[in-house]
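Each remark here refers to the structure printed beneath this line.
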Protein chains: 2
Amino acid sequence: MDEPEKEMEQLLAANQSFYAAFGALSLEQMSEVWLHEDWVQCVHPGRQLLEGWEEVRESWAQIFANTKRMKLEIGSISAHLEGEVAWVACTENVLSSFEHGFDQAQLQATNIFVLRDGVWRMVAHHASPLPPAPEPTLQ
Amino acid sequence: MDEPEKEMEQLLAANQSFYAAFGALSLEQMSEVWLHEDWVQCVHPGRQLLEGWEEVRESWAQIFANTKRMKLEIGSISAHLEGEVAWVACTENVLSSFEHGFDQAQLQATNIFVLRDGVWRMVAHHASPLPPAPEPTLQ
């Protein structure tokens, strides 16, 4: 495998680790994924910008505390590498269950990563709602 | 002015040029702002990912054709440079007037730029709806 292929594979693995942490509701795993700097950015669906690892961490802690279980399906992955920076666009199909009910959302995400000491770390996440998928029609 | 300051100033000017093109409903100016590659990405509010300059260009052409006038206010700008890649988060207050009516939207945007031949070009734009600003209360 040549160098760009290897870098792309590692980038997609980092993106996958983000969604693994999300789905596992694991703040520890999520903390591993992100770069801990005061300039990292996060926009949850329909919400304002959060800036800096402390704010971003707190938002995940709240999401995880309020969620009982989460199922995530990632699709339409489109990634681009530019030196030691890369970004990944993908769709998220999110099924969350809470104490009293559940919620399903279709989202479009943009995830930015930087390479630090040979490891891709997330530095920005922006997710926004998509129109609901059309119901399957009876033939 | 030292080099990083100059780069940051040029980056913010590129971000401003994007919104100037948007506000002027000018496809020519918008074309100047973007890098013309098949991997550039654009997510309009509540819409699916568009990929490649042709698709992105077409979407701006449609938006501009359907809009009579547009007034844009940009706020809460937060930018980060990482070598020859940079991204800017900002809010957009968009007032659009059409043939029969008008629309106002509060959006959160993530804009990614790359430096090519000394010029910052947009390579990704992701905008998503924010909750409406609270009405000013009477004292």
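Here's how to read the names in the structure tokens: chain A, B, ... by the order shown, residue numbers from 1 in each chain, ligand numbers from 1 in the order shown.
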Given a cut-off of 12 Å, which residues of chain A touch chain B, counting only C-alpha atoms, written out as an NGL selection string? :A and (37-52 or 75-92 or 106-116 or 123-133)
Per residue of stretch 41-62 of chain B within 12 Å of stretch 29-33 of chain B, note the shortest atom pair and the distance in Å to one decimal, counting only C-alpha atoms, and order the rows by chain and increasing residue number, as a tab-separated table.
residue	atom	partner	partner_atom	distance
B:Trp53	CA	B:Ser31	CA	8.9
B:Glu54	CA	B:Ser31	CA	10.4
B:Val56	CA	B:Ser31	CA	9.8
B:Arg57	CA	B:Ser31	CA	7.3
B:Glu58	CA	B:Ser31	CA	10.8
B:Ser59	CA	B:Met30	CA	11.2
B:Trp60	CA	B:Met30	CA	8.0
B:Ala61	CA	B:Met30	CA	9.6
Distance in Å - atom CA of B:Leu25 versus atom CA of B:Leu11: 21.3 Å
As a PyMOL selection string, please: all residues of chain B that backbone DSSP puts in strand (DSSP E or B). chain B and resi 34+41-43+50-51+69-82+85-98+101-116+119-129
Where does DSSP see helix (DSSP H, G or I) in chain B, if you list the residues as a PyMOL selection string? chain B and resi 3-24+27-33+53-66
A straight line from atom CA of A:Lys68 to atom CA of A:Ser97 spans 5.5 Å
